[in-house]
Amino acid sequence: MDWLQVVVLSLVQGLTEFLPISSSAHLILVPALTPWSDQGLAFDVALHIGSLAAVILYFRHELKRMTLSWVASCRGQPSDEDGRLAWWVLLATIPVGIAALIFKTPIETSMRSPLLIGASLILFGLLLGYADWRKRGVRSEYHLTMKDALLIGGAQALALIPGTSRSGITITAALLLGMNRESAARFSFLMSIPVIVLAGGLEVFGLIREPEDVAWTALILGTLLSGLSAYLCIHYFLIFIKRIGMQPFVIYRVIFGLWLLWFFW
């Protein structure tokens with residue numbers, strides 16, 4: 001891998017992992033528009049580690065409270081709002097975990113079409129726009145119920161369809177359930193932690209089965225760039241949607257989706 005490839009892939013991963021614009025849609029452009037070969041599983045793992053470190057660092061105070069309260073609830077103590085939130089994040093991960101086990105093969109083989117990605121960008125982008133326009137909720141992540149968590153988790157399973165965007169579809173579901181924009185985004189980001197852990201774990205498992213030569217300098221740089229860009233993305237995204245909302249991302253998704261349909265038709 002040359003340095004430009006490392007930088008581009010790291011920034012694409014760091015920015016699109018948390019923005020509601022689909023990382024798979026953007027990553028498909030890299031091999032389509034460049035002569036670069038596949039970066040390999042080891043580099044994918046490094047990028048996931050960077051994104052995971054960013055979201056954990058950003059929400060470190062919330063995660064500390066949630067973890068302590070969750071452990072206390074496991075010991076039989078009554079759950080407070082942090083403990084319940086921890087349970088809801090874990091509960092919301094179950095649907096996507098089950099769906100990934102069942103549909104992993106067809107997703108990796110027959111659902112990587114740029115045309116499908118373009119259509120998904122447009123369809124789920126318009127749904128996000130509708131949810132943001134229709135609802136002006138006041139509920140926070142601490143007002144969620146078990147039913148809410150399962151519904152948002154079920155929506156998260158749809159993110160296995162390339163072009164959907166994990167953050168986009170979970171924010172859409174949360175908005176439709178009456179959450180405000182910032183709370184919907186925060187819950188989506190918290191939900192990303194176990195999902196990234198599971199996805200990274202599968203890649204590590206694949207790496208163990210088929211070891212690769214490791215370019216440590218590229219891996220370290222990729223991890224740092226992915227983590228830094230992801231951290232800044234989370235921070236400024238929360239500020240942006242509070243002031244402006246989701247509609248600019250909807251417009252971007254529709255234009256990008258139409259371009260993919262035109263380019264790969």
# chains A, B, ... in the order shown; residues from 1 in each chain; ligands from 1
$ closest_atom_pairs --of "stretch 45-143 of chain A" --to "stretch 23-38 of chain A" --cutoff "10 Å" --atoms "only C-alpha atoms" --output "JSON lines"
{"residue": "A:Arg112", "atom": "CA", "partner": "A:Ile28", "partner_atom": "CA", "distance": 8.7}
{"residue": "A:Ser113", "atom": "CA", "partner": "A:Ile28", "partner_atom": "CA", "distance": 9.3}
{"residue": "A:Pro114", "atom": "CA", "partner": "A:Ile28", "partner_atom": "CA", "distance": 7.5}
{"residue": "A:Leu116", "atom": "CA", "partner": "A:Ala25", "partner_atom": "CA", "distance": 9.7}
{"residue": "A:Ile117", "atom": "CA", "partner": "A:Ala25", "partner_atom": "CA", "distance": 6.1}
{"residue": "A:Gly118", "atom": "CA", "partner": "A:Ala25", "partner_atom": "CA", "distance": 7.5}
{"residue": "A:Ser120", "atom": "CA", "partner": "A:Ala25", "partner_atom": "CA", "distance": 9.3}
{"residue": "A:Leu121", "atom": "CA", "partner": "A:Ala25", "partner_atom": "CA", "distance": 7.8}
$ closest_atom_pairs --of "stretch 132-163 of chain A" --to "stretch 178-199 of chain A" --cutoff "8 Å" --atoms "only C-alpha atoms" --output "CSV"
residue,atom,partner,partner_atom,distance
A:Asp132,CA,A:Arg181,CA,7.9
A:Lys135,CA,A:Gly178,CA,6.5
A:Arg136,CA,A:Asn180,CA,6.4
A:Gly137,CA,A:Gly178,CA,4.2
A:Val138,CA,A:Asn180,CA,5.0
A:Arg139,CA,A:Met179,CA,4.3
A:Ser140,CA,A:Ser183,CA,5.0
A:Glu141,CA,A:Ser183,CA,5.5
$ write_last_selection --atoms "C-alpha atoms" --output "CSV table (one decimal), in the first residue's frame"
chain,number,residue,atom,x,y,z
A,132,ASP,CA,-36.4,14.3,10.3
A,135,LYS,CA,-40.9,14.4,13.8
A,136,ARG,CA,-39.6,17.0,16.2
A,137,GLY,CA,-39.3,14.7,19.2
A,138,VAL,CA,-38.2,15.5,22.7
A,139,ARG,CA,-37.3,12.1,24.0
A,140,SER,CA,-33.7,11.4,25.0
A,141,GLU,CA,-31.9,8.1,25.0
$ closest_residue --among "A:Leu158, A:Leu115, A:Ser165, A:Arg243" --to "A:Phe263" --atoms "only C-alpha atoms"
A:Leu115
$ residues_around --residues "A:Arg84" --least-positions-apart "6" --cutoff "12 Å" --atoms "only C-alpha atoms" --output "PyMOL selection string"
chain A and resi 65-74+77-78+90-91+141-146+149
$ residues_around --residues "A:Ala155" --least-positions-apart "2" --cutoff "9 Å" --atoms "only C-alpha atoms" --output "mmCIF file with C-alpha atoms, in the first residue's frame"
data_model
loop_
_atom_site.group_PDB
_atom_site.id
_atom_site.type_symbol
_atom_site.label_atom_id
_atom_site.label_comp_id
_atom_site.auth_asym_id
_atom_site.auth_seq_id
_atom_site.Cartn_x
_atom_site.Cartn_y
_atom_site.Cartn_z
ATOM 1 C CA PRO A 95 -31.107 -8.393 15.740
ATOM 2 C CA VAL A 96 -28.130 -7.314 13.640
ATOM 3 C CA LEU A 150 -35.750 -3.732 19.837
ATOM 4 C CA LEU A 151 -37.321 -1.602 17.100
ATOM 5 C CA ILE A 152 -34.156 0.449 16.609
ATOM 6 C CA GLY A 153 -32.108 -2.747 16.756
ATOM 7 C CA ALA A 157 -30.216 -5.070 10.894
ATOM 8 C CA LEU A 158 -31.285 -3.379 7.643
ATOM 9 C CA ALA A 159 -27.853 -1.752 7.563
ATOM 10 C CA ARG A 166 -25.993 1.886 9.946
ATOM 11 C CA ILE A 169 -31.180 3.815 9.541
ATOM 12 C CA THR A 170 -30.859 3.781 13.345
ATOM 13 C CA THR A 172 -34.243 7.299 11.240
ATOM 14 C CA ALA A 173 -35.907 4.736 13.514
#
$ closest_residue --among "A:Phe249, A:Glu81, A:Met1, A:Lys242" --to "A:Thr16" --atoms "only C-alpha atoms"
A:Phe249
$ atom_distance --atom1 "atom CA of A:Gly201" --atom2 "atom CA of A:Gly125"
29.1 Å
$ select_by_dssp --residues "stretch 50-234 of chain A" --states "alpha helix (DSSP H)" --output "ChimeraX atom specification"
/A:50-58,60-74,81-109,114-134,146-157,166-176,181-209,216-234
$ closest_residue --among "A:Leu85, A:Leu126, A:Ala92, A:Leu232" --to "A:Ala54" --atoms "only C-alpha atoms"
A:Leu232
$ residues_around --residues "A:Leu15" --least-positions-apart "6" --cutoff "9 Å" --atoms "only C-alpha atoms" --output "number ranges by chain"
A: 23, 226, 229-234
$ write_last_selection --atoms "C-alpha atoms" --output "PDB file, in the first residue's frame"
ATOM      1  CA  SER A  23     -19.484   3.691   4.339  1.00  0.00           C
ATOM      2  CA  SER A 226      -9.263   6.635  11.206  1.00  0.00           C
ATOM      3  CA  SER A 229     -11.234  11.613  11.756  1.00  0.00           C
ATOM      4  CA  ALA A 230     -13.970   9.536  13.433  1.00  0.00           C
ATOM      5  CA  TYR A 231     -13.646  11.483  16.702  1.00  0.00           C
ATOM      6  CA  LEU A 232     -13.889  14.843  14.927  1.00  0.00           C
ATOM      7  CA  CYS A 233     -16.760  13.537  12.828  1.00  0.00           C
ATOM      8  CA  ILE A 234     -18.801  12.558  15.912  1.00  0.00           C
TER       9      ILE A 234
END
$ decode --residues "stretch 70-90 of chain A" --atoms "N, CA and C atoms" --output "PDB file, in the first residue's frame"
ATOM      1  N   TRP A  70     -24.586  -1.027  34.915  1.00  0.00           N
ATOM      2  CA  TRP A  70     -24.940  -2.330  34.343  1.00  0.00           C
ATOM      3  C   TRP A  70     -24.410  -3.467  35.223  1.00  0.00           C
ATOM      4  N   VAL A  71     -23.162  -3.344  35.660  1.00  0.00           N
ATOM      5  CA  VAL A  71     -22.588  -4.365  36.547  1.00  0.00           C
ATOM      6  C   VAL A  71     -23.398  -4.457  37.833  1.00  0.00           C
ATOM      7  N   ALA A  72     -23.797  -3.310  38.388  1.00  0.00           N
ATOM      8  CA  ALA A  72     -24.607  -3.307  39.607  1.00  0.00           C
ATOM      9  C   ALA A  72     -25.940  -3.998  39.379  1.00  0.00           C
ATOM     10  N   SER A  73     -26.554  -3.766  38.208  1.00  0.00           N
ATOM     11  CA  SER A  73     -27.836  -4.424  37.927  1.00  0.00           C
ATOM     12  C   SER A  73     -27.668  -5.928  37.766  1.00  0.00           C
ATOM     13  N   CYS A  74     -26.520  -6.358  37.248  1.00  0.00           N
ATOM     14  CA  CYS A  74     -26.248  -7.801  37.125  1.00  0.00           C
ATOM     15  C   CYS A  74     -26.094  -8.452  38.494  1.00  0.00           C
ATOM     16  N   ARG A  75     -25.745  -7.652  39.487  1.00  0.00           N
ATOM     17  CA  ARG A  75     -25.603  -8.160  40.857  1.00  0.00           C
ATOM     18  C   ARG A  75     -26.900  -8.083  41.643  1.00  0.00           C
ATOM     19  N   GLY A  76     -27.982  -7.697  40.962  1.00  0.00           N
ATOM     20  CA  GLY A  76     -29.286  -7.697  41.608  1.00  0.00           C
ATOM     21  C   GLY A  76     -29.777  -6.350  42.088  1.00  0.00           C
ATOM     22  N   GLN A  77     -28.975  -5.315  41.918  1.00  0.00           N
ATOM     23  CA  GLN A  77     -29.413  -3.983  42.328  1.00  0.00           C
ATOM     24  C   GLN A  77     -30.370  -3.400  41.285  1.00  0.00           C
ATOM     25  N   PRO A  78     -31.297  -2.540  41.694  1.00  0.00           N
ATOM     26  CA  PRO A  78     -32.223  -1.924  40.734  1.00  0.00           C
ATOM     27  C   PRO A  78     -31.459  -1.107  39.691  1.00  0.00           C
ATOM     28  N   SER A  79     -31.912  -1.172  38.437  1.00  0.00           N
ATOM     29  CA  SER A  79     -31.254  -0.435  37.355  1.00  0.00           C
ATOM     30  C   SER A  79     -31.652   1.035  37.376  1.00  0.00           C
ATOM     31  N   ASP A  80     -30.659   1.922  37.290  1.00  0.00           N
ATOM     32  CA  ASP A  80     -30.971   3.334  37.106  1.00  0.00           C
ATOM     33  C   ASP A  80     -30.980   3.611  35.604  1.00  0.00           C
ATOM     34  N   GLU A  81     -31.068   4.884  35.206  1.00  0.00           N
ATOM     35  CA  GLU A  81     -31.192   5.198  33.788  1.00  0.00           C
ATOM     36  C   GLU A  81     -29.951   4.812  32.990  1.00  0.00           C
ATOM     37  N   ASP A  82     -28.768   4.883  33.607  1.00  0.00           N
ATOM     38  CA  ASP A  82     -27.552   4.468  32.903  1.00  0.00           C
ATOM     39  C   ASP A  82     -27.506   2.957  32.717  1.00  0.00           C
ATOM     40  N   GLY A  83     -27.919   2.237  33.748  1.00  0.00           N
ATOM     41  CA  GLY A  83     -27.950   0.786  33.640  1.00  0.00           C
ATOM     42  C   GLY A  83     -28.933   0.323  32.580  1.00  0.00           C
ATOM     43  N   ARG A  84     -30.116   0.957  32.536  1.00  0.00           N
ATOM     44  CA  ARG A  84     -31.106   0.587  31.518  1.00  0.00           C
ATOM     45  C   ARG A  84     -30.593   0.903  30.118  1.00  0.00           C
ATOM     46  N   LEU A  85     -29.923   2.055  29.979  1.00  0.00           N
ATOM     47  CA  LEU A  85     -29.380   2.408  28.666  1.00  0.00           C
ATOM     48  C   LEU A  85     -28.360   1.374  28.196  1.00  0.00           C
ATOM     49  N   ALA A  86     -27.531   0.897  29.111  1.00  0.00           N
ATOM     50  CA  ALA A  86     -26.562  -0.139  28.759  1.00  0.00           C
ATOM     51  C   ALA A  86     -27.271  -1.404  28.284  1.00  0.00           C
ATOM     52  N   TRP A  87     -28.329  -1.789  28.997  1.00  0.00           N
ATOM     53  CA  TRP A  87     -29.099  -2.965  28.585  1.00  0.00           C
ATOM     54  C   TRP A  87     -29.716  -2.753  27.213  1.00  0.00           C
ATOM     55  N   TRP A  88     -30.239  -1.559  26.943  1.00  0.00           N
ATOM     56  CA  TRP A  88     -30.882  -1.310  25.656  1.00  0.00           C
ATOM     57  C   TRP A  88     -29.873  -1.345  24.509  1.00  0.00           C
ATOM     58  N   VAL A  89     -28.659  -0.852  24.753  1.00  0.00           N
ATOM     59  CA  VAL A  89     -27.622  -0.914  23.714  1.00  0.00           C
ATOM     60  C   VAL A  89     -27.290  -2.372  23.383  1.00  0.00           C
ATOM     61  N   LEU A  90     -27.153  -3.194  24.407  1.00  0.00           N
ATOM     62  CA  LEU A  90     -26.864  -4.608  24.183  1.00  0.00           C
ATOM     63  C   LEU A  90     -28.034  -5.301  23.505  1.00  0.00           C
TER      64      LEU A  90
END
